[in-house]
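Written below as C-alpha cells is the structure these notes are about.
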Amino acid sequence: MLNNICSPPFFTAEIFGDGRVFCCCPAYTKIKEIGNIYCQTWDEVWNSDIAREFREKIKKGDYSSCYTNFCDPQFFPLCQELKYVDPEKLDINNPKARIVKLSMDASCNVACTICRSKIRCNQDESRTRFLDSKTDIILETLKDAEIVNFTGSGDPFASKHVRRLIKIINEKYPNIKFNFHTNGTLCDERNLKELGVIDKLSTIEISLHSATKSTYDKIVKYGNWERVNKNLDFLSGLIKQGKLDELQLNFVVFSENFRAIPDFIELCKKYNAKAFLWQYRPLGGIYDFDSVDVTSPLHKNHKEFIQIMTNIDSNNPNLFMSPLFKKYTQIKDVEQYNLFASIIANQIAERYESKHCAFDKRFQALENSVQILLDKVGTSKVDKILLFLKKIFSLKNKYKKIINKEKLLRFWHRN
Ligand SMILES: C[S@@+](CC[C@H](N)C(=O)[O-])C[C@H]1O[C@@H](n2cnc3c(N)ncnc32)[C@H](O)[C@@H]1O
Ligand code: SF4
Ligand code: SF4
C-alpha cells in the first residue's frame, strides 16, 4: 500500500462550461485549471505543465496540492479499486483521460436549498447555443475516454444541451459508457432508453440528502420523492441484472438533515446502493453557512451530530464519507470530546471571527481538533491542546496573547 499512489490525476478530468479543465476533481485539488479547451488543443491541455507537475507530486506521495480534509488518498467518490494503485499499473508518462466529467451546463429541473435559490433550467438559449457550438471541441476530449460522466453542474436529464450531446457521443464513440450524477427525478427507463444509454451504464449517482419525503421536500424544491424512489427501484433492478455497475446515493450533511443519516444508510442497503456522506460547503444555496454547519463545534446541534456519528458503523464497506466524518465516527468518548469541543469552539470563533474565515482553513482547524481527541491524550491533554492552539493561531500575532496555559486551565475547569 505504501508504494501506491492516488491514481485519479492520471486518468480523470472535469471540464466546465467556460472551457476550463481540471485534473482529478476541482473541488478537492488546490491547483487551478490545467488548461482551457477553447484556446488549446486537448493534448496541450491534458499534458500541460501544470498537469504534469501535479502528477509528478502525486507520484512522489506529495498531497500538498489536495484539500486533504475533503479528500485524502483513502477517499475519492470514484471506483475505489481504481483510486489507490501501484504506479507500475499506471501509464504515468503518457496518461490517457479515461474518465471525463462534463460539467458544462447548470440547467436543472429542481432547486436544492444547498445549491441554488431558484430553478435554472434551459432559460438562457444563447448559452445553450454556445455550448452546442462547442460540440466538436468537446468530442475531442473524449478520444481516449472509456467513460463520460454527466454532470457536476446541473442535471443531465434536464439539460437540452446534455441530451443532444449524449446522442452525438453515442454515435461517435459507440463503445463509451456513461456515468450520471443526477437528482434522480428524470433518471427513468423511458429517458435512459430514449437517450440510447440503457445498455451502456457504468455508475449512477443520485443525490437524495434524506430518507423520508418530509426531509426531502424541505431540501429538494420542486423534486418528487415518490418518483425518485420509483426510479431507484428500477435502477436497483438493473444492478441485480448486472446492467448497471454501481449505484451511489449522496447525502450532503447539514442541520436540516443530519438526524436522517442512519435511516439514509438503511435506505441505501434497500436499493443495493453505496452511501456517500458529503461535507457541506458554502457553494451557493439559501443558507448562511455557520447556521447550518453542524460539523463545527460552534453549531448548536454539534453535540447531537457527534452522537449520531459515533453510532455509525464506519466499517460498512458500502459507506463512504469525507475524512472529517470518518474521524467523528471514531470518537469513543463523547463526553471527553464535548469538553474539548467547547474549548476549541471558543478559540476557533475568536481566531476566525466566524463566517469571515476561508472555509477550508476552518475545516483544517476542525480536523486537527478531532485528531487531538483521537490521540486519547489523557492527563497531558491540556498541553496537547495548547500546542494545537498555538499552531492554528500562529498566523495571527494578536491572538497569541490569549493562549496561555493558566487561562486555558481556568476555562477548562469552568466548563
Ligand atoms: C451540483 S450537483 C450536480 C449533479 C446533480 N444535479 C445532483 O444534484 O446530484 C453536484 C453535487 O454537488 C452536491 N452539492 C450541491 N450543493 C452542495 C453544497 N452546498 N455542499 C456540498 N455539496 C453540494 C450535490 O448534492 C451533488 O451531489
Ligand atoms: S487525494 Fe483526492 S484530490 Fe488529491 S489526487 Fe487523490 S483523489 Fe485527487
Ligand atoms: S444539487 Fe443538483 S439537483 Fe440540486 S439544484 Fe443543484 S444541480 Fe440541481
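Going by the C-alpha cells order, chains are called A, B, ..., each with residues numbered from 1, while ligands are numbered from 1 in the order shown.
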
Please give me, as a PDB file with C-alpha atoms, in the first residue's frame, the residues lying within 6 Å of ligand 1 when counting only C-alpha atoms and all ligand atoms.
ATOM      1  CA  ILE A 114     -27.952  23.765  -0.612  1.00  0.00           C
ATOM      2  CA  CYS A 115     -27.195  24.601  -4.238  1.00  0.00           C
ATOM      3  CA  THR A 151     -22.664  16.240 -14.694  1.00  0.00           C
ATOM      4  CA  GLY A 152     -21.253  18.133 -11.736  1.00  0.00           C
ATOM      5  CA  SER A 153     -23.022  21.375 -12.628  1.00  0.00           C
ATOM      6  CA  GLY A 154     -26.732  20.752 -13.220  1.00  0.00           C
ATOM      7  CA  ASP A 155     -28.867  17.778 -14.073  1.00  0.00           C
ATOM      8  CA  HIS A 181     -24.644  12.377 -11.473  1.00  0.00           C
ATOM      9  CA  THR A 182     -28.251  13.422 -11.029  1.00  0.00           C
ATOM     10  CA  ASN A 183     -31.088  14.310  -8.698  1.00  0.00           C
ATOM     11  CA  ILE A 206     -28.200  10.205  -7.134  1.00  0.00           C
ATOM     12  CA  SER A 207     -28.251  12.994  -4.563  1.00  0.00           C
ATOM     13  CA  ASN A 250     -25.354  11.073  -1.953  1.00  0.00           C
ATOM     14  CA  VAL A 252     -24.771  16.374   1.931  1.00  0.00           C
ATOM     15  CA  GLN A 279     -19.404  17.593   3.808  1.00  0.00           C
ATOM     16  CA  TYR A 280     -21.494  20.708   3.248  1.00  0.00           C
ATOM     17  CA  ARG A 281     -19.627  23.512   1.510  1.00  0.00           C
ATOM     18  CA  PRO A 282     -20.691  27.139   1.083  1.00  0.00           C
ATOM     19  CA  LEU A 283     -21.120  26.870  -2.672  1.00  0.00           C
ATOM     20  CA  GLY A 284     -24.404  28.621  -3.175  1.00  0.00           C
TER      21      GLY A 284
END

Counting only C-alpha atoms, what is within 6 Å of Thr203 of chain A, bar same-chain residues fewer than 3 positions away, as a list in words?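 Here the qualifying residues turn out to be Asn179, Asp245, Glu246 and Leu247 of chain A.
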
So which bits of segment 264-351 of chain A end up strand (DSSP E) when you DSSP the backbone, as an MDAnalysis selection string? chainID A and resid 274:279 319:321

Atoms to include: N, CA and C atoms. Write the selected residues as a PDB file, in the first residue's frame.
ATOM      1  N   LYS A 274     -24.351   2.246  -2.852  1.00  0.00           N
ATOM      2  CA  LYS A 274     -23.342   2.750  -1.926  1.00  0.00           C
ATOM      3  C   LYS A 274     -23.843   4.057  -1.323  1.00  0.00           C
ATOM      4  N   ALA A 275     -23.491   4.291  -0.069  1.00  0.00           N
ATOM      5  CA  ALA A 275     -23.925   5.523   0.602  1.00  0.00           C
ATOM      6  C   ALA A 275     -22.736   6.480   0.702  1.00  0.00           C
ATOM      7  N   PHE A 276     -22.965   7.719   0.291  1.00  0.00           N
ATOM      8  CA  PHE A 276     -21.903   8.744   0.376  1.00  0.00           C
ATOM      9  C   PHE A 276     -22.359   9.893   1.264  1.00  0.00           C
ATOM     10  N   LEU A 277     -21.597  10.141   2.324  1.00  0.00           N
ATOM     11  CA  LEU A 277     -21.893  11.291   3.189  1.00  0.00           C
ATOM     12  C   LEU A 277     -20.885  12.384   2.845  1.00  0.00           C
ATOM     13  N   TRP A 278     -21.382  13.497   2.343  1.00  0.00           N
ATOM     14  CA  TRP A 278     -20.502  14.584   1.899  1.00  0.00           C
ATOM     15  C   TRP A 278     -20.551  15.726   2.889  1.00  0.00           C
ATOM     16  N   GLN A 279     -19.444  16.415   2.955  1.00  0.00           N
ATOM     17  CA  GLN A 279     -19.404  17.593   3.808  1.00  0.00           C
ATOM     18  C   GLN A 279     -20.041  18.781   3.083  1.00  0.00           C
ATOM     19  N   LEU A 319     -20.277   2.197   2.741  1.00  0.00           N
ATOM     20  CA  LEU A 319     -20.444   3.556   3.246  1.00  0.00           C
ATOM     21  C   LEU A 319     -19.148   4.351   3.051  1.00  0.00           C
ATOM     22  N   PHE A 320     -19.261   5.496   2.388  1.00  0.00           N
ATOM     23  CA  PHE A 320     -18.100   6.354   2.138  1.00  0.00           C
ATOM     24  C   PHE A 320     -18.403   7.729   2.711  1.00  0.00           C
ATOM     25  N   MET A 321     -17.363   8.368   3.218  1.00  0.00           N
ATOM     26  CA  MET A 321     -17.624   9.690   3.808  1.00  0.00           C
ATOM     27  C   MET A 321     -16.369  10.563   3.785  1.00  0.00           C
TER      28      MET A 321
END

Could you go through segment 115-298 of chain A and tell me which residues DSSP, when run on the backbone, assigns to alpha helix (DSSP H), listing them as a PyMOL selection string? chain A and resi 125-133+135-141+160-172+189-194+213-219+225-240+261-270+289-292

Output file for the residues above (C-alpha atoms, as an mmCIF file, in the first residue's frame):
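Final file, again_16.cif:
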data_model
loop_
_atom_site.group_PDB
_atom_site.id
_atom_site.type_symbol
_atom_site.label_atom_id
_atom_site.label_comp_id
_atom_site.auth_asym_id
_atom_site.auth_seq_id
_atom_site.Cartn_x
_atom_site.Cartn_y
_atom_site.Cartn_z
ATOM 1 C CA GLU A 125 -30.964 29.990 -25.026
ATOM 2 C CA SER A 126 -27.811 31.784 -26.132
ATOM 3 C CA ARG A 127 -25.871 29.795 -23.509
ATOM 4 C CA THR A 128 -27.298 26.517 -24.823
ATOM 5 C CA ARG A 129 -26.446 27.567 -28.402
ATOM 6 C CA PHE A 130 -22.920 28.470 -27.282
ATOM 7 C CA LEU A 131 -22.368 25.038 -25.675
ATOM 8 C CA ASP A 132 -23.857 23.275 -28.699
ATOM 9 C CA SER A 133 -21.433 25.183 -30.933
ATOM 10 C CA THR A 135 -19.557 20.057 -29.728
ATOM 11 C CA ASP A 136 -16.518 19.170 -31.871
ATOM 12 C CA ILE A 137 -14.121 20.501 -29.252
ATOM 13 C CA ILE A 138 -15.931 18.546 -26.518
ATOM 14 C CA LEU A 139 -15.888 15.355 -28.598
ATOM 15 C CA GLU A 140 -12.107 15.650 -28.953
ATOM 16 C CA THR A 141 -11.720 15.458 -25.148
ATOM 17 C CA LYS A 160 -31.257 20.220 -23.600
ATOM 18 C CA HIS A 161 -27.563 20.638 -24.391
ATOM 19 C CA VAL A 162 -26.555 17.487 -22.494
ATOM 20 C CA ARG A 163 -29.364 15.415 -24.014
ATOM 21 C CA ARG A 164 -28.306 16.397 -27.535
ATOM 22 C CA LEU A 165 -24.649 15.774 -26.719
ATOM 23 C CA ILE A 166 -25.308 12.287 -25.297
ATOM 24 C CA LYS A 167 -26.852 11.218 -28.600
ATOM 25 C CA ILE A 168 -23.920 12.632 -30.594
ATOM 26 C CA ILE A 169 -21.383 10.919 -28.294
ATOM 27 C CA ASN A 170 -23.265 7.664 -28.724
ATOM 28 C CA GLU A 171 -22.825 7.863 -32.479
ATOM 29 C CA LYS A 172 -19.203 8.964 -32.491
ATOM 30 C CA GLU A 189 -36.313 3.717 -18.035
ATOM 31 C CA ARG A 190 -38.011 5.908 -20.647
ATOM 32 C CA ASN A 191 -35.303 8.585 -20.578
ATOM 33 C CA LEU A 192 -32.401 6.127 -20.488
ATOM 34 C CA LYS A 193 -33.866 4.291 -23.498
ATOM 35 C CA GLU A 194 -34.688 7.488 -25.347
ATOM 36 C CA LYS A 213 -40.408 12.587 1.999
ATOM 37 C CA SER A 214 -40.675 15.315 4.632
ATOM 38 C CA THR A 215 -36.900 15.939 4.814
ATOM 39 C CA TYR A 216 -36.552 15.576 1.032
ATOM 40 C CA ASP A 217 -39.303 18.144 0.393
ATOM 41 C CA LYS A 218 -37.585 20.650 2.657
ATOM 42 C CA ILE A 219 -34.326 20.393 0.707
ATOM 43 C CA TRP A 225 -39.818 11.883 -3.654
ATOM 44 C CA GLU A 226 -42.180 9.204 -4.986
ATOM 45 C CA ARG A 227 -40.749 9.398 -8.481
ATOM 46 C CA VAL A 228 -37.123 9.255 -7.276
ATOM 47 C CA ASN A 229 -37.925 6.154 -5.224
ATOM 48 C CA LYS A 230 -39.695 4.537 -8.189
ATOM 49 C CA ASN A 231 -36.596 5.236 -10.293
ATOM 50 C CA LEU A 232 -34.357 3.850 -7.556
ATOM 51 C CA ASP A 233 -36.405 0.646 -7.570
ATOM 52 C CA PHE A 234 -35.823 0.374 -11.297
ATOM 53 C CA LEU A 235 -32.073 1.130 -11.030
ATOM 54 C CA SER A 236 -31.679 -1.322 -8.165
ATOM 55 C CA GLY A 237 -33.179 -3.934 -10.508
ATOM 56 C CA LEU A 238 -30.547 -3.041 -13.146
ATOM 57 C CA ILE A 239 -27.819 -3.643 -10.533
ATOM 58 C CA LYS A 240 -29.244 -7.106 -9.813
ATOM 59 C CA ILE A 261 -28.171 9.831 8.426
ATOM 60 C CA PRO A 262 -28.850 6.369 9.997
ATOM 61 C CA ASP A 263 -32.095 5.923 8.012
ATOM 62 C CA PHE A 264 -30.358 7.058 4.831
ATOM 63 C CA ILE A 265 -27.717 4.334 5.273
ATOM 64 C CA GLU A 266 -30.528 1.764 5.637
ATOM 65 C CA LEU A 267 -32.266 3.116 2.533
ATOM 66 C CA CYS A 268 -29.059 2.658 0.534
ATOM 67 C CA LYS A 269 -28.969 -1.002 1.588
ATOM 68 C CA LYS A 270 -32.538 -1.440 0.365
ATOM 69 C CA PHE A 289 -23.059 28.647 6.257
ATOM 70 C CA ASP A 290 -22.500 28.994 10.006
ATOM 71 C CA SER A 291 -26.163 28.480 10.767
ATOM 72 C CA VAL A 292 -26.271 25.049 9.100
#

From the list A:Ser322, A:Lys300, A:Ala273, A:Val110, the nearest residue to ligand 2 using only C-alpha atoms and all ligand atoms is A:Ser322

Report, in Å with one decimal, the straight-line distance from atom CA of Val148 of chain A to atom CA of Met104 of chain A. 12.8 Å

Could you tell me which of A:Glu56, A:Asp293, A:Glu88, A:Asp313 comes closest to ligand 2 if we count only C-alpha atoms and all ligand atoms?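 Among the listed residues, the smallest separation from ligand 2 belongs to A:Glu56.
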
At a cut-off of 10 Å, using only C-alpha atoms, what residues contact Phe325 of chain A? Leave out same-chain residues fewer than 5 positions from it and give the result as a PDB file with C-alpha atoms, in the first residue's frame.
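Final output, result36.pdb:
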ATOM      1  CA  ASN A  69      -9.597  17.483   4.802  1.00  0.00           C
ATOM      2  CA  PHE A  70     -12.150  16.901   1.995  1.00  0.00           C
ATOM      3  CA  VAL A 253     -24.869  16.709   5.714  1.00  0.00           C
ATOM      4  CA  LEU A 277     -21.893  11.291   3.189  1.00  0.00           C
ATOM      5  CA  TRP A 278     -20.502  14.584   1.899  1.00  0.00           C
ATOM      6  CA  GLN A 279     -19.404  17.593   3.808  1.00  0.00           C
ATOM      7  CA  THR A 295     -19.685  19.739  11.710  1.00  0.00           C
ATOM      8  CA  ILE A 306     -21.417  13.847  17.060  1.00  0.00           C
ATOM      9  CA  MET A 309     -21.746   9.905  14.007  1.00  0.00           C
ATOM     10  CA  THR A 310     -20.249   7.876  16.850  1.00  0.00           C
ATOM     11  CA  SER A 314     -17.737   3.089   9.766  1.00  0.00           C
ATOM     12  CA  PHE A 320     -18.100   6.354   2.138  1.00  0.00           C
ATOM     13  CA  GLN A 330     -14.058   7.051  15.635  1.00  0.00           C
ATOM     14  CA  GLU A 367      -9.855  18.262  11.528  1.00  0.00           C
ATOM     15  CA  VAL A 370     -10.647  15.932  16.192  1.00  0.00           C
TER      16      VAL A 370
END

Atom pair atom CA of Pro95 of chain A / atom CA of Ile34 of chain A: separation (Å):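 According to the coordinates, atom CA of Pro95 of chain A and atom CA of Ile34 of chain A are separated by 14.4 Å.
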
Do you have the atom CA of Pro26 of chain A-atom CA of Leu102 of chain A distance handy?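 Distance reported for this atom pair: 12.2 Å.
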
Could you pull the residues within 9 Å of Lys243 of chain A, counting only C-alpha atoms, minus those fewer than 6 positions along the same chain, as a PyMOL selection string? chain A and resi 198-202+237

Writing out the chosen residues with N, CA and C atoms as a JSON list (two decimals), in the first residue's frame:
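Output file out.json follows:
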[["chain", "number", "residue", "atom", "x", "y", "z"],
["A", 198, "ILE", "N", -29.26, 2.90, -22.14],
["A", 198, "ILE", "CA", -29.70, 1.91, -21.14],
["A", 198, "ILE", "C", -28.76, 0.70, -21.06],
["A", 199, "ASP", "N", -28.10, 0.37, -22.18],
["A", 199, "ASP", "CA", -27.16, -0.77, -22.15],
["A", 199, "ASP", "C", -25.72, -0.31, -22.01],
["A", 200, "LYS", "N", -25.52, 0.95, -21.67],
["A", 200, "LYS", "CA", -24.15, 1.49, -21.62],
["A", 200, "LYS", "C", -23.88, 2.19, -20.31],
["A", 201, "LEU", "N", -24.52, 1.73, -19.24],
["A", 201, "LEU", "CA", -24.40, 2.45, -17.98],
["A", 201, "LEU", "C", -23.23, 1.93, -17.16],
["A", 202, "SER", "N", -22.49, 2.85, -16.57],
["A", 202, "SER", "CA", -21.42, 2.44, -15.65],
["A", 202, "SER", "C", -21.89, 2.71, -14.21],
["A", 237, "GLY", "N", -32.94, -2.74, -9.68],
["A", 237, "GLY", "CA", -33.18, -3.93, -10.51],
["A", 237, "GLY", "C", -32.07, -4.10, -11.55]]

Which residue, A:Asn272, A:Asn94, A:Asn315, A:Thr185, has the smallest gap to Trp46 of chain A when you use only C-alpha atoms?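 Once distances to Trp46 of chain A are computed over only C-alpha atoms, the minimum belongs to A:Asn94.
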
Show me, as JSON, numbers by chain, the residues that have an atom within 10 Å of Leu142 of chain A when counting only C-alpha atoms, minus same-chain residues fewer than 6 positions from it. {"A": [42, 96, 97, 98, 99, 100, 101, 148, 169, 172, 173, 176]}

Would you mind exporting the chosen residues as a PDB file, in the first residue's frame, restricted to N, CA and C atoms?
ATOM      1  N   TRP A  42      -6.756  19.556 -27.069  1.00  0.00           N
ATOM      2  CA  TRP A  42      -6.940  18.667 -25.920  1.00  0.00           C
ATOM      3  C   TRP A  42      -5.598  18.104 -25.428  1.00  0.00           C
ATOM      4  N   LYS A  96      -3.749   8.655 -20.241  1.00  0.00           N
ATOM      5  CA  LYS A  96      -4.912   8.931 -21.087  1.00  0.00           C
ATOM      6  C   LYS A  96      -6.099   9.328 -20.202  1.00  0.00           C
ATOM      7  N   ALA A  97      -6.876  10.285 -20.686  1.00  0.00           N
ATOM      8  CA  ALA A  97      -8.060  10.710 -19.917  1.00  0.00           C
ATOM      9  C   ALA A  97      -9.148   9.656 -20.129  1.00  0.00           C
ATOM     10  N   ARG A  98      -9.207   8.722 -19.202  1.00  0.00           N
ATOM     11  CA  ARG A  98     -10.142   7.593 -19.388  1.00  0.00           C
ATOM     12  C   ARG A  98     -11.537   7.891 -18.862  1.00  0.00           C
ATOM     13  N   ILE A  99     -11.619   8.808 -17.861  1.00  0.00           N
ATOM     14  CA  ILE A  99     -12.946   9.216 -17.369  1.00  0.00           C
ATOM     15  C   ILE A  99     -13.034  10.735 -17.466  1.00  0.00           C
ATOM     16  N   VAL A 100     -13.959  11.216 -18.265  1.00  0.00           N
ATOM     17  CA  VAL A 100     -14.091  12.669 -18.434  1.00  0.00           C
ATOM     18  C   VAL A 100     -15.483  13.094 -17.952  1.00  0.00           C
ATOM     19  N   LYS A 101     -15.478  14.025 -17.008  1.00  0.00           N
ATOM     20  CA  LYS A 101     -16.746  14.533 -16.485  1.00  0.00           C
ATOM     21  C   LYS A 101     -17.048  15.871 -17.151  1.00  0.00           C
ATOM     22  N   VAL A 148     -17.819   8.608 -19.982  1.00  0.00           N
ATOM     23  CA  VAL A 148     -18.114  10.045 -19.914  1.00  0.00           C
ATOM     24  C   VAL A 148     -19.135  10.231 -18.798  1.00  0.00           C
ATOM     25  N   ILE A 169     -22.484  11.738 -28.824  1.00  0.00           N
ATOM     26  CA  ILE A 169     -21.383  10.919 -28.294  1.00  0.00           C
ATOM     27  C   ILE A 169     -21.634   9.447 -28.610  1.00  0.00           C
ATOM     28  N   LYS A 172     -20.640   8.837 -32.198  1.00  0.00           N
ATOM     29  CA  LYS A 172     -19.203   8.964 -32.491  1.00  0.00           C
ATOM     30  C   LYS A 172     -18.374   7.927 -31.734  1.00  0.00           C
ATOM     31  N   TYR A 173     -18.756   7.652 -30.494  1.00  0.00           N
ATOM     32  CA  TYR A 173     -17.990   6.686 -29.680  1.00  0.00           C
ATOM     33  C   TYR A 173     -18.927   5.586 -29.178  1.00  0.00           C
ATOM     34  N   ILE A 176     -18.301   3.841 -25.691  1.00  0.00           N
ATOM     35  CA  ILE A 176     -18.141   4.603 -24.447  1.00  0.00           C
ATOM     36  C   ILE A 176     -19.290   4.263 -23.477  1.00  0.00           C
TER      37      ILE A 176
END

Ligand 3 proximity check over A:Ala51, A:Val220, A:Cys6, A:Leu249, using only C-alpha atoms and all ligand atoms: winner is A:Val220
